[in-house]
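Have a look at input-v3.pdb; it's PDB, C-alpha atoms and all ligand atoms:
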ATOM      1  CA  MET A   3     144.999 100.671   2.453
ATOM      2  CA  SER A   4     145.004 101.121  -1.283
ATOM      3  CA  SER A   5     141.685  99.348  -1.586
ATOM      4  CA  LEU A   6     140.264 101.615   1.092
ATOM      5  CA  ARG A   7     141.466 104.590  -0.856
ATOM      6  CA  LYS A   8     139.883 103.103  -3.912
ATOM      7  CA  ILE A   9     136.598 102.758  -2.078
ATOM      8  CA  GLY A  10     136.912 106.323  -0.890
ATOM      9  CA  PHE A  11     137.593 107.423  -4.411
ATOM     10  CA  VAL A  12     134.691 105.443  -5.767
ATOM     11  CA  ALA A  13     132.465 106.730  -2.990
ATOM     12  CA  ALA A  14     133.509 110.291  -3.702
ATOM     13  CA  GLY A  15     132.926 109.662  -7.348
ATOM     14  CA  LEU A  16     129.570 108.197  -6.572
ATOM     15  CA  LEU A  17     128.683 111.129  -4.365
ATOM     16  CA  PHE A  18     129.731 113.491  -7.094
ATOM     17  CA  ALA A  19     127.786 111.550  -9.639
ATOM     18  CA  LEU A  20     124.822 111.423  -7.321
ATOM     19  CA  SER A  21     124.897 115.111  -6.595
ATOM     20  CA  ALA A  22     125.399 115.890 -10.246
ATOM     21  CA  CYS A  23     122.635 113.488 -10.970
ATOM     22  CA  SER A  24     120.314 114.898  -8.383
ATOM     23  CA  LYS A  25     121.145 118.373  -9.591
ATOM     24  CA  ASN A  26     120.347 117.133 -13.027
ATOM     25  CA  THR A  27     117.155 115.453 -12.069
ATOM     26  CA  SER A  28     116.095 118.330  -9.907
ATOM     27  CA  SER A  29     116.643 120.742 -12.732
ATOM     28  CA  SER A  30     115.219 118.412 -15.322
ATOM     29  CA  SER A  31     112.383 117.500 -13.023
ATOM     30  CA  SER A  32     111.644 121.132 -12.554
ATOM     31  CA  THR A  33     111.542 121.618 -16.289
ATOM     32  CA  ALA A  34     109.823 118.270 -16.647
ATOM     33  CA  SER A  35     107.296 119.188 -14.021
ATOM     34  CA  SER A  36     106.791 122.608 -15.496
ATOM     35  CA  ALA A  37     106.461 121.166 -18.965
ATOM     36  CA  PRO A  38     103.734 118.631 -18.168
ATOM     37  CA  GLN A  39     102.254 121.263 -15.929
ATOM     38  CA  SER A  40     102.026 123.750 -18.722
ATOM     39  CA  SER A  41     100.776 121.144 -21.146
ATOM     40  CA  ALA A  42      98.391 119.911 -18.483
ATOM     41  CA  ALA A  43      97.436 123.518 -17.995
ATOM     42  CA  ALA A  44      97.160 123.904 -21.733
ATOM     43  CA  SER A  45      94.826 121.001 -22.271
ATOM     44  CA  PRO A  46      92.258 121.736 -19.581
ATOM     45  CA  ALA A  47      92.967 125.292 -20.678
ATOM     46  CA  GLY A  48      92.202 123.919 -24.113
ATOM     47  CA  SER A  49      88.592 124.230 -23.195
ATOM     48  CA  PRO A  50      88.970 127.323 -21.007
ATOM     49  CA  MET A  51      91.260 128.505 -23.794
ATOM     50  CA  ALA A  52      88.448 128.005 -26.246
ATOM     51  CA  ALA A  53      86.477 130.079 -23.810
ATOM     52  CA  THR A  54      89.332 132.577 -23.602
ATOM     53  CA  SER A  55      89.742 132.781 -27.338
ATOM     54  CA  ALA A  56      85.992 133.075 -27.397
ATOM     55  CA  ALA A  57      86.445 135.842 -24.836
ATOM     56  CA  PRO A  58      88.201 138.249 -27.173
ATOM     57  CA  ALA A  59      85.620 136.454 -29.221
ATOM     58  CA  ALA A  60      83.161 137.696 -26.621
ATOM     59  CA  ALA A  61      82.935 140.430 -29.174
ATOM     60  CA  ASN A  62      83.179 137.523 -31.571
ATOM     61  CA  THR A  63      80.443 135.593 -29.807
ATOM     62  CA  THR A  64      78.199 138.466 -30.727
ATOM     63  CA  GLY A  65      79.708 138.494 -34.191
ATOM     64  CA  ALA A  66      79.198 134.757 -34.560
ATOM     65  CA  SER A  67      75.596 134.892 -33.474
ATOM     66  CA  VAL A  68      74.843 137.923 -35.632
ATOM     67  CA  TYR A  69      76.469 136.066 -38.514
ATOM     68  CA  ASN A  70      74.623 132.823 -37.947
ATOM     69  CA  THR A  71      71.316 134.623 -37.607
ATOM     70  CA  ASN A  72      71.643 137.050 -40.512
ATOM     71  CA  CYS A  73      74.338 135.969 -42.926
ATOM     72  CA  ALA A  74      74.830 132.216 -42.823
ATOM     73  CA  SER A  75      71.666 131.507 -44.799
ATOM     74  CA  CYS A  76      73.386 132.946 -47.855
ATOM     75  CA  HIS A  77      77.114 132.930 -47.144
ATOM     76  CA  GLN A  78      76.915 129.616 -45.215
ATOM     77  CA  ALA A  79      78.214 128.907 -41.725
ATOM     78  CA  THR A  80      81.521 127.920 -43.329
ATOM     79  CA  GLY A  81      81.838 131.308 -45.047
ATOM     80  CA  GLU A  82      82.135 129.415 -48.326
ATOM     81  CA  GLY A  83      78.981 130.886 -49.851
ATOM     82  CA  VAL A  84      77.212 129.190 -52.733
ATOM     83  CA  ALA A  85      79.066 129.277 -56.036
ATOM     84  CA  GLY A  86      77.318 131.501 -58.544
ATOM     85  CA  ALA A  87      74.771 132.786 -56.028
ATOM     86  CA  PHE A  88      76.387 133.988 -52.799
ATOM     87  CA  PRO A  89      80.071 134.857 -52.778
ATOM     88  CA  PRO A  90      82.403 133.248 -50.263
ATOM     89  CA  LEU A  91      83.585 135.467 -47.426
ATOM     90  CA  ALA A  92      86.335 133.006 -46.515
ATOM     91  CA  GLY A  93      89.568 133.873 -48.307
ATOM     92  CA  ASN A  94      87.857 136.876 -49.889
ATOM     93  CA  PRO A  95      90.296 139.814 -50.219
ATOM     94  CA  THR A  96      87.460 142.354 -50.093
ATOM     95  CA  VAL A  97      86.472 141.025 -46.679
ATOM     96  CA  THR A  98      90.018 141.207 -45.334
ATOM     97  CA  GLY A  99      90.854 144.406 -47.205
ATOM     98  CA  PRO A 100      90.264 148.034 -46.161
ATOM     99  CA  LYS A 101      87.703 148.213 -43.331
ATOM    100  CA  ALA A 102      85.638 151.015 -44.803
ATOM    101  CA  LYS A 103      84.758 149.016 -47.895
ATOM    102  CA  VAL A 104      83.546 145.907 -46.048
ATOM    103  CA  ILE A 105      81.644 148.044 -43.592
ATOM    104  CA  HIS A 106      80.029 149.954 -46.452
ATOM    105  CA  ILE A 107      78.949 146.736 -48.160
ATOM    106  CA  VAL A 108      77.428 145.307 -45.005
ATOM    107  CA  LYS A 109      75.852 148.582 -43.895
ATOM    108  CA  TYR A 110      74.430 149.706 -47.219
ATOM    109  CA  GLY A 111      74.256 146.476 -49.220
ATOM    110  CA  LEU A 112      75.785 145.538 -52.541
ATOM    111  CA  GLN A 113      74.393 145.090 -55.997
ATOM    112  CA  GLY A 114      75.997 144.442 -59.352
ATOM    113  CA  ALA A 115      78.537 142.186 -60.995
ATOM    114  CA  ILE A 116      81.527 141.110 -58.950
ATOM    115  CA  VAL A 117      84.122 138.364 -59.318
ATOM    116  CA  VAL A 118      85.187 136.528 -56.186
ATOM    117  CA  LYS A 119      87.859 133.851 -56.241
ATOM    118  CA  GLY A 120      87.429 133.455 -59.983
ATOM    119  CA  LYS A 121      83.644 133.129 -59.957
ATOM    120  CA  SER A 122      81.133 135.717 -61.096
ATOM    121  CA  TYR A 123      78.254 136.976 -58.992
ATOM    122  CA  ASN A 124      75.593 139.422 -59.924
ATOM    123  CA  GLY A 125      73.193 139.405 -57.081
ATOM    124  CA  MET A 126      71.866 141.705 -54.470
ATOM    125  CA  MET A 127      72.920 141.898 -50.904
ATOM    126  CA  PRO A 128      70.420 143.672 -48.705
ATOM    127  CA  PRO A 129      71.606 146.601 -46.579
ATOM    128  CA  TRP A 130      72.005 145.704 -42.904
ATOM    129  CA  GLY A 131      72.305 149.204 -41.488
ATOM    130  CA  THR A 132      68.544 149.381 -41.129
ATOM    131  CA  THR A 133      68.147 146.130 -39.209
ATOM    132  CA  LEU A 134      71.442 145.787 -37.331
ATOM    133  CA  SER A 135      72.928 148.219 -34.826
ATOM    134  CA  ASN A 136      76.356 149.711 -35.455
ATOM    135  CA  ALA A 137      77.617 147.480 -32.646
ATOM    136  CA  ASP A 138      76.215 144.357 -34.320
ATOM    137  CA  ILE A 139      77.703 145.406 -37.656
ATOM    138  CA  ALA A 140      81.084 145.997 -35.979
ATOM    139  CA  ALA A 141      80.863 142.556 -34.374
ATOM    140  CA  VAL A 142      79.836 140.717 -37.516
ATOM    141  CA  VAL A 143      82.359 142.487 -39.742
ATOM    142  CA  SER A 144      85.068 141.699 -37.189
ATOM    143  CA  TYR A 145      83.829 138.113 -37.191
ATOM    144  CA  VAL A 146      83.977 137.637 -40.960
ATOM    145  CA  ARG A 147      87.392 139.318 -41.089
ATOM    146  CA  SER A 148      88.801 136.843 -38.591
ATOM    147  CA  SER A 149      87.027 133.560 -39.324
ATOM    148  CA  TRP A 150      87.691 130.596 -41.610
ATOM    149  CA  GLY A 151      91.354 131.455 -41.999
ATOM    150  CA  ASN A 152      90.708 135.166 -42.550
ATOM    151  CA  ALA A 153      93.064 137.171 -40.364
ATOM    152  CA  ALA A 154      92.258 140.859 -40.706
ATOM    153  CA  SER A 155      91.958 143.418 -37.930
ATOM    154  CA  PRO A 156      88.644 143.917 -36.134
ATOM    155  CA  VAL A 157      86.521 146.989 -36.692
ATOM    156  CA  THR A 158      85.025 149.187 -33.997
ATOM    157  CA  VAL A 159      81.617 150.755 -33.564
ATOM    158  CA  ALA A 160      83.283 154.096 -34.320
ATOM    159  CA  ASP A 161      84.575 152.649 -37.606
ATOM    160  CA  VAL A 162      81.041 151.606 -38.518
ATOM    161  CA  LYS A 163      79.608 154.990 -37.523
ATOM    162  CA  ALA A 164      82.239 156.726 -39.621
ATOM    163  CA  VAL A 165      81.237 154.990 -42.851
ATOM    164  CA  ALA A 166      78.609 157.120 -44.530
ATOM    165  CA  LYS A 167      76.660 156.285 -47.626
TER     166      LYS A 167
HETATM  167  C1  LIG B 201      69.986 137.093 -48.897
HETATM  168  C2  LIG B 201      71.339 136.590 -49.039
HETATM  169  C3  LIG B 201      72.434 137.308 -48.283
HETATM  170  C4  LIG B 201      72.510 137.532 -46.936
HETATM  171  C5  LIG B 201      71.513 137.131 -45.877
HETATM  172  C6  LIG B 201      73.770 138.195 -46.718
HETATM  173  N1  LIG B 201      74.425 138.383 -47.896
HETATM  174 FE1  LIG B 201      76.258 139.184 -48.139
HETATM  175  N2  LIG B 201      76.036 139.041 -50.151
HETATM  176  C7  LIG B 201      74.979 138.452 -50.797
HETATM  177  C8  LIG B 201      75.163 138.566 -52.213
HETATM  178  C9  LIG B 201      74.234 138.050 -53.291
HETATM  179  C10 LIG B 201      76.365 139.265 -52.398
HETATM  180  C11 LIG B 201      76.991 139.666 -53.728
HETATM  181  C12 LIG B 201      76.279 140.878 -54.273
HETATM  182  C13 LIG B 201      76.656 141.159 -55.714
HETATM  183  O1  LIG B 201      76.689 140.220 -56.498
HETATM  184  O2  LIG B 201      76.936 142.333 -56.025
HETATM  185  C14 LIG B 201      76.912 139.518 -51.061
HETATM  186  C15 LIG B 201      78.104 140.169 -50.818
HETATM  187  C16 LIG B 201      78.651 140.316 -49.569
HETATM  188  C17 LIG B 201      79.942 140.897 -49.317
HETATM  189  C18 LIG B 201      80.892 141.446 -50.372
HETATM  190  C19 LIG B 201      81.698 140.354 -50.979
HETATM  191  C20 LIG B 201      82.606 140.895 -52.058
HETATM  192  O3  LIG B 201      83.514 140.142 -52.467
HETATM  193  O4  LIG B 201      82.438 142.028 -52.498
HETATM  194  C21 LIG B 201      80.139 140.895 -47.972
HETATM  195  C22 LIG B 201      81.339 141.394 -47.216
HETATM  196  C23 LIG B 201      78.963 140.308 -47.383
HETATM  197  N3  LIG B 201      78.084 139.958 -48.380
HETATM  198  C24 LIG B 201      78.771 140.131 -46.046
HETATM  199  C25 LIG B 201      77.567 139.759 -45.482
HETATM  200  C26 LIG B 201      77.291 139.783 -44.081
HETATM  201  C27 LIG B 201      78.292 140.171 -42.994
HETATM  202  C28 LIG B 201      76.004 139.383 -43.928
HETATM  203  C29 LIG B 201      75.205 139.309 -42.653
HETATM  204  C30 LIG B 201      75.078 140.550 -41.884
HETATM  205  C31 LIG B 201      75.502 139.069 -45.235
HETATM  206  N4  LIG B 201      76.477 139.317 -46.151
HETATM  207  C32 LIG B 201      74.231 138.595 -45.489
HETATM  208  C33 LIG B 201      73.908 137.847 -50.212
HETATM  209  C34 LIG B 201      73.621 137.865 -48.880
END
Is it possible to express this structure as structure tokens?
Ligand code: HEC
Amino acid sequence: MSSLRKIGFVAAGLLFALSACSKNTSSSSSTASSAPQSSAAASPAGSPMAATSAAPAAANTTGASVYNTNCASCHQATGEGVAGAFPPLAGNPTVTGPKAKVIHIVKYGLQGAIVVKGKSYNGMMPPWGTTLSNADIAAVVSYVRSSWGNAASPVTVADVKAVAK
């Protein structure tokens, strides 16, 4: 009798433990399955994500191609420039500073002595407003403001239009 009760007690305990356990595993398996799912979603999404982050970069895709075609020869694909000749755009506070100034430089060119990241430059940057559309200038300025660790806001076509010589 007492051993039967014991068994009943153990069985009840087991049932409790099992249900607690299955509750546990069902909840942890739901988090576990959602976690691998999201990380599984994140890694194939890693490439779609690259496509997605290239999708706001769809504006940036234009910016990147305008940059690589027109700017990289001097400022380099890395945005690091060439010390003493072409200033870096990466980590350059003028590039990430007020929009109107960067737009003006790109649209109308720049000439004269400047110091960028402790190095002096005294070159000539051709104006791009004659060869690039306002949309291309908006895209490339947005690109340089947000590449290589730069994290400044994009500029719009209207911003570019608004900057007069
Ligand atoms: C032929 C070489 C050349 C090309 C191509 C070129 N740049 Fe420049 N860029 C320069 C030089 C040189 C300067 C510095 C001018 C000076 O010393 O006053 C400069 C300066 C700049 C600056 C200002 C940097 C500062 O700190 O004031 C920005 C922004 C810039 N370039 C962006 C661009 C963009 C965007 C393009 C492509 C549309 C581009 N550049 C294409 C040579 C070039």
Within 9 Å of ligand LIG 201 (chain B), counting all atoms listed in the file: which residues, as a ChimeraX atom specification? /A:68-77,83,86-91,94-98,103-109,111-119,122-130,134,138-139,142-143,145-147
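Atom CA of Val84 of chain A is found 10.4 Å from atom CA of Lys121 of chain A.
Proximity to Thr132 of chain A was assessed for A:Tyr110, A:Lys101, A:Glu82, A:Thr63 counting all atoms listed in the file; the smallest distance is recorded for A:Tyr110.
A straight line drawn from atom CA of Ala85 of chain A to atom CA of Thr64 of chain A is 26.9 Å long.
Going from atom CA of Ala140 of chain A over to atom CA of Lys167 of chain A, you cover 16.2 Å.
Among the candidates A:Ala79, A:Val159, A:Ser149, A:Ala166, the one nearest to Ala92 of chain A when counting all atoms listed in the file is A:Ser149.
Excluding Trp150 of chain A and any residue on its chain fewer than 5 positions from it, the residues at most 8 Å away by only C-alpha atoms are Thr80, Gly81, Ala92 and Gly93 of chain A.
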Got a sec to write segment 77-126 of chain A of the block to a file, N, CA and C atoms, as a PDB file, in the first residue's frame?
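New file out27.pdb:
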ATOM      1  N   HIS A  77      40.356  59.897 -55.642  1.00  0.00           N
ATOM      2  CA  HIS A  77      40.115  59.675 -54.209  1.00  0.00           C
ATOM      3  C   HIS A  77      40.215  58.210 -53.809  1.00  0.00           C
ATOM      4  N   GLN A  78      40.406  57.319 -54.776  1.00  0.00           N
ATOM      5  CA  GLN A  78      40.570  55.879 -54.563  1.00  0.00           C
ATOM      6  C   GLN A  78      39.245  55.207 -54.166  1.00  0.00           C
ATOM      7  N   ALA A  79      39.121  53.958 -54.534  1.00  0.00           N
ATOM      8  CA  ALA A  79      37.902  53.206 -54.240  1.00  0.00           C
ATOM      9  C   ALA A  79      37.678  53.095 -52.729  1.00  0.00           C
ATOM     10  N   THR A  80      38.779  53.182 -51.978  1.00  0.00           N
ATOM     11  CA  THR A  80      38.705  53.080 -50.522  1.00  0.00           C
ATOM     12  C   THR A  80      38.335  54.410 -49.874  1.00  0.00           C
ATOM     13  N   GLY A  81      38.286  55.491 -50.670  1.00  0.00           N
ATOM     14  CA  GLY A  81      38.012  56.808 -50.123  1.00  0.00           C
ATOM     15  C   GLY A  81      39.202  57.390 -49.369  1.00  0.00           C
ATOM     16  N   GLU A  82      40.338  56.691 -49.458  1.00  0.00           N
ATOM     17  CA  GLU A  82      41.514  57.121 -48.687  1.00  0.00           C
ATOM     18  C   GLU A  82      42.328  58.195 -49.402  1.00  0.00           C
ATOM     19  N   GLY A  83      42.039  58.429 -50.689  1.00  0.00           N
ATOM     20  CA  GLY A  83      42.794  59.425 -51.424  1.00  0.00           C
ATOM     21  C   GLY A  83      44.249  59.036 -51.600  1.00  0.00           C
ATOM     22  N   VAL A  84      45.057  60.030 -51.963  1.00  0.00           N
ATOM     23  CA  VAL A  84      46.497  59.821 -52.091  1.00  0.00           C
ATOM     24  C   VAL A  84      47.153  60.970 -51.338  1.00  0.00           C
ATOM     25  N   ALA A  85      47.869  60.629 -50.276  1.00  0.00           N
ATOM     26  CA  ALA A  85      48.431  61.652 -49.396  1.00  0.00           C
ATOM     27  C   ALA A  85      49.210  62.689 -50.195  1.00  0.00           C
ATOM     28  N   GLY A  86      48.906  63.948 -49.952  1.00  0.00           N
ATOM     29  CA  GLY A  86      49.622  65.031 -50.602  1.00  0.00           C
ATOM     30  C   GLY A  86      49.059  65.409 -51.961  1.00  0.00           C
ATOM     31  N   ALA A  87      48.251  64.530 -52.556  1.00  0.00           N
ATOM     32  CA  ALA A  87      47.721  64.821 -53.892  1.00  0.00           C
ATOM     33  C   ALA A  87      46.189  64.923 -53.895  1.00  0.00           C
ATOM     34  N   PHE A  88      45.543  63.872 -53.435  1.00  0.00           N
ATOM     35  CA  PHE A  88      44.078  63.834 -53.412  1.00  0.00           C
ATOM     36  C   PHE A  88      43.606  63.540 -52.002  1.00  0.00           C
ATOM     37  N   PRO A  89      42.850  64.441 -51.422  1.00  0.00           N
ATOM     38  CA  PRO A  89      42.469  64.265 -50.013  1.00  0.00           C
ATOM     39  C   PRO A  89      41.557  63.058 -49.806  1.00  0.00           C
ATOM     40  N   PRO A  90      41.672  62.437 -48.645  1.00  0.00           N
ATOM     41  CA  PRO A  90      40.751  61.340 -48.324  1.00  0.00           C
ATOM     42  C   PRO A  90      39.341  61.881 -48.139  1.00  0.00           C
ATOM     43  N   LEU A  91      38.360  61.087 -48.536  1.00  0.00           N
ATOM     44  CA  LEU A  91      36.962  61.439 -48.265  1.00  0.00           C
ATOM     45  C   LEU A  91      36.474  60.643 -47.056  1.00  0.00           C
ATOM     46  N   ALA A  92      37.147  59.526 -46.795  1.00  0.00           N
ATOM     47  CA  ALA A  92      36.834  58.710 -45.622  1.00  0.00           C
ATOM     48  C   ALA A  92      37.289  59.445 -44.370  1.00  0.00           C
ATOM     49  N   GLY A  93      36.414  59.561 -43.396  1.00  0.00           N
ATOM     50  CA  GLY A  93      36.754  60.211 -42.136  1.00  0.00           C
ATOM     51  C   GLY A  93      37.057  61.690 -42.309  1.00  0.00           C
ATOM     52  N   ASN A  94      36.550  62.275 -43.378  1.00  0.00           N
ATOM     53  CA  ASN A  94      36.780  63.692 -43.661  1.00  0.00           C
ATOM     54  C   ASN A  94      35.569  64.501 -43.174  1.00  0.00           C
ATOM     55  N   PRO A  95      35.774  65.374 -42.169  1.00  0.00           N
ATOM     56  CA  PRO A  95      34.641  66.103 -41.586  1.00  0.00           C
ATOM     57  C   PRO A  95      33.940  67.045 -42.565  1.00  0.00           C
ATOM     58  N   THR A  96      34.627  67.470 -43.616  1.00  0.00           N
ATOM     59  CA  THR A  96      33.954  68.308 -44.614  1.00  0.00           C
ATOM     60  C   THR A  96      32.912  67.485 -45.369  1.00  0.00           C
ATOM     61  N   VAL A  97      33.276  66.228 -45.622  1.00  0.00           N
ATOM     62  CA  VAL A  97      32.378  65.338 -46.373  1.00  0.00           C
ATOM     63  C   VAL A  97      31.124  65.007 -45.565  1.00  0.00           C
ATOM     64  N   THR A  98      31.318  64.831 -44.256  1.00  0.00           N
ATOM     65  CA  THR A  98      30.183  64.459 -43.403  1.00  0.00           C
ATOM     66  C   THR A  98      29.544  65.678 -42.738  1.00  0.00           C
ATOM     67  N   GLY A  99      30.083  66.858 -43.036  1.00  0.00           N
ATOM     68  CA  GLY A  99      29.560  68.082 -42.445  1.00  0.00           C
ATOM     69  C   GLY A  99      28.327  68.587 -43.188  1.00  0.00           C
ATOM     70  N   PRO A 100      28.072  69.908 -43.089  1.00  0.00           N
ATOM     71  CA  PRO A 100      26.879  70.486 -43.724  1.00  0.00           C
ATOM     72  C   PRO A 100      26.798  70.119 -45.211  1.00  0.00           C
ATOM     73  N   LYS A 101      25.595  69.669 -45.616  1.00  0.00           N
ATOM     74  CA  LYS A 101      25.369  69.195 -46.987  1.00  0.00           C
ATOM     75  C   LYS A 101      25.778  70.210 -48.045  1.00  0.00           C
ATOM     76  N   ALA A 102      25.366  71.465 -47.817  1.00  0.00           N
ATOM     77  CA  ALA A 102      25.530  72.475 -48.857  1.00  0.00           C
ATOM     78  C   ALA A 102      26.997  72.629 -49.253  1.00  0.00           C
ATOM     79  N   LYS A 103      27.889  72.483 -48.274  1.00  0.00           N
ATOM     80  CA  LYS A 103      29.300  72.680 -48.583  1.00  0.00           C
ATOM     81  C   LYS A 103      29.848  71.548 -49.448  1.00  0.00           C
ATOM     82  N   VAL A 104      29.527  70.310 -49.091  1.00  0.00           N
ATOM     83  CA  VAL A 104      30.004  69.172 -49.902  1.00  0.00           C
ATOM     84  C   VAL A 104      29.420  69.247 -51.303  1.00  0.00           C
ATOM     85  N   ILE A 105      28.128  69.550 -51.350  1.00  0.00           N
ATOM     86  CA  ILE A 105      27.475  69.645 -52.659  1.00  0.00           C
ATOM     87  C   ILE A 105      28.158  70.723 -53.497  1.00  0.00           C
ATOM     88  N   HIS A 106      28.433  71.863 -52.872  1.00  0.00           N
ATOM     89  CA  HIS A 106      29.073  72.960 -53.603  1.00  0.00           C
ATOM     90  C   HIS A 106      30.421  72.527 -54.160  1.00  0.00           C
ATOM     91  N   ILE A 107      31.202  71.844 -53.336  1.00  0.00           N
ATOM     92  CA  ILE A 107      32.530  71.392 -53.771  1.00  0.00           C
ATOM     93  C   ILE A 107      32.422  70.449 -54.971  1.00  0.00           C
ATOM     94  N   VAL A 108      31.495  69.512 -54.870  1.00  0.00           N
ATOM     95  CA  VAL A 108      31.370  68.527 -55.952  1.00  0.00           C
ATOM     96  C   VAL A 108      30.788  69.188 -57.205  1.00  0.00           C
ATOM     97  N   LYS A 109      29.798  70.056 -57.012  1.00  0.00           N
ATOM     98  CA  LYS A 109      29.134  70.677 -58.146  1.00  0.00           C
ATOM     99  C   LYS A 109      30.039  71.683 -58.873  1.00  0.00           C
ATOM    100  N   TYR A 110      30.732  72.500 -58.078  1.00  0.00           N
ATOM    101  CA  TYR A 110      31.476  73.603 -58.683  1.00  0.00           C
ATOM    102  C   TYR A 110      32.989  73.453 -58.593  1.00  0.00           C
ATOM    103  N   GLY A 111      33.460  72.348 -57.995  1.00  0.00           N
ATOM    104  CA  GLY A 111      34.894  72.127 -57.905  1.00  0.00           C
ATOM    105  C   GLY A 111      35.523  72.818 -56.704  1.00  0.00           C
ATOM    106  N   LEU A 112      36.801  72.576 -56.534  1.00  0.00           N
ATOM    107  CA  LEU A 112      37.520  73.155 -55.396  1.00  0.00           C
ATOM    108  C   LEU A 112      38.975  73.380 -55.779  1.00  0.00           C
ATOM    109  N   GLN A 113      39.482  74.521 -55.361  1.00  0.00           N
ATOM    110  CA  GLN A 113      40.844  74.873 -55.684  1.00  0.00           C
ATOM    111  C   GLN A 113      41.421  75.633 -54.509  1.00  0.00           C
ATOM    112  N   GLY A 114      42.671  75.401 -54.204  1.00  0.00           N
ATOM    113  CA  GLY A 114      43.309  76.151 -53.127  1.00  0.00           C
ATOM    114  C   GLY A 114      43.743  75.244 -51.996  1.00  0.00           C
ATOM    115  N   ALA A 115      44.492  75.845 -51.055  1.00  0.00           N
ATOM    116  CA  ALA A 115      45.090  75.068 -49.982  1.00  0.00           C
ATOM    117  C   ALA A 115      44.049  74.604 -48.962  1.00  0.00           C
ATOM    118  N   ILE A 116      44.070  73.339 -48.673  1.00  0.00           N
ATOM    119  CA  ILE A 116      43.235  72.801 -47.594  1.00  0.00           C
ATOM    120  C   ILE A 116      44.079  71.827 -46.766  1.00  0.00           C
ATOM    121  N   VAL A 117      43.638  71.578 -45.543  1.00  0.00           N
ATOM    122  CA  VAL A 117      44.297  70.584 -44.702  1.00  0.00           C
ATOM    123  C   VAL A 117      43.253  69.537 -44.347  1.00  0.00           C
ATOM    124  N   VAL A 118      43.547  68.286 -44.679  1.00  0.00           N
ATOM    125  CA  VAL A 118      42.613  67.212 -44.368  1.00  0.00           C
ATOM    126  C   VAL A 118      43.332  66.141 -43.561  1.00  0.00           C
ATOM    127  N   LYS A 119      42.797  65.860 -42.403  1.00  0.00           N
ATOM    128  CA  LYS A 119      43.372  64.866 -41.500  1.00  0.00           C
ATOM    129  C   LYS A 119      44.880  65.104 -41.323  1.00  0.00           C
ATOM    130  N   GLY A 120      45.219  66.363 -41.108  1.00  0.00           N
ATOM    131  CA  GLY A 120      46.599  66.719 -40.797  1.00  0.00           C
ATOM    132  C   GLY A 120      47.527  66.824 -41.996  1.00  0.00           C
ATOM    133  N   LYS A 121      47.017  66.599 -43.200  1.00  0.00           N
ATOM    134  CA  LYS A 121      47.895  66.712 -44.369  1.00  0.00           C
ATOM    135  C   LYS A 121      47.414  67.852 -45.279  1.00  0.00           C
ATOM    136  N   SER A 122      48.380  68.517 -45.884  1.00  0.00           N
ATOM    137  CA  SER A 122      48.055  69.659 -46.734  1.00  0.00           C
ATOM    138  C   SER A 122      47.826  69.235 -48.178  1.00  0.00           C
ATOM    139  N   TYR A 123      46.873  69.906 -48.788  1.00  0.00           N
ATOM    140  CA  TYR A 123      46.586  69.688 -50.219  1.00  0.00           C
ATOM    141  C   TYR A 123      46.438  71.051 -50.848  1.00  0.00           C
ATOM    142  N   ASN A 124      46.922  71.173 -52.039  1.00  0.00           N
ATOM    143  CA  ASN A 124      46.711  72.412 -52.768  1.00  0.00           C
ATOM    144  C   ASN A 124      46.575  72.059 -54.236  1.00  0.00           C
ATOM    145  N   GLY A 125      45.479  71.434 -54.504  1.00  0.00           N
ATOM    146  CA  GLY A 125      45.254  70.941 -55.859  1.00  0.00           C
ATOM    147  C   GLY A 125      44.050  71.595 -56.476  1.00  0.00           C
ATOM    148  N   MET A 126      43.508  70.898 -57.428  1.00  0.00           N
ATOM    149  CA  MET A 126      42.342  71.416 -58.132  1.00  0.00           C
ATOM    150  C   MET A 126      41.393  70.260 -58.394  1.00  0.00           C
TER     151      MET A 126
END
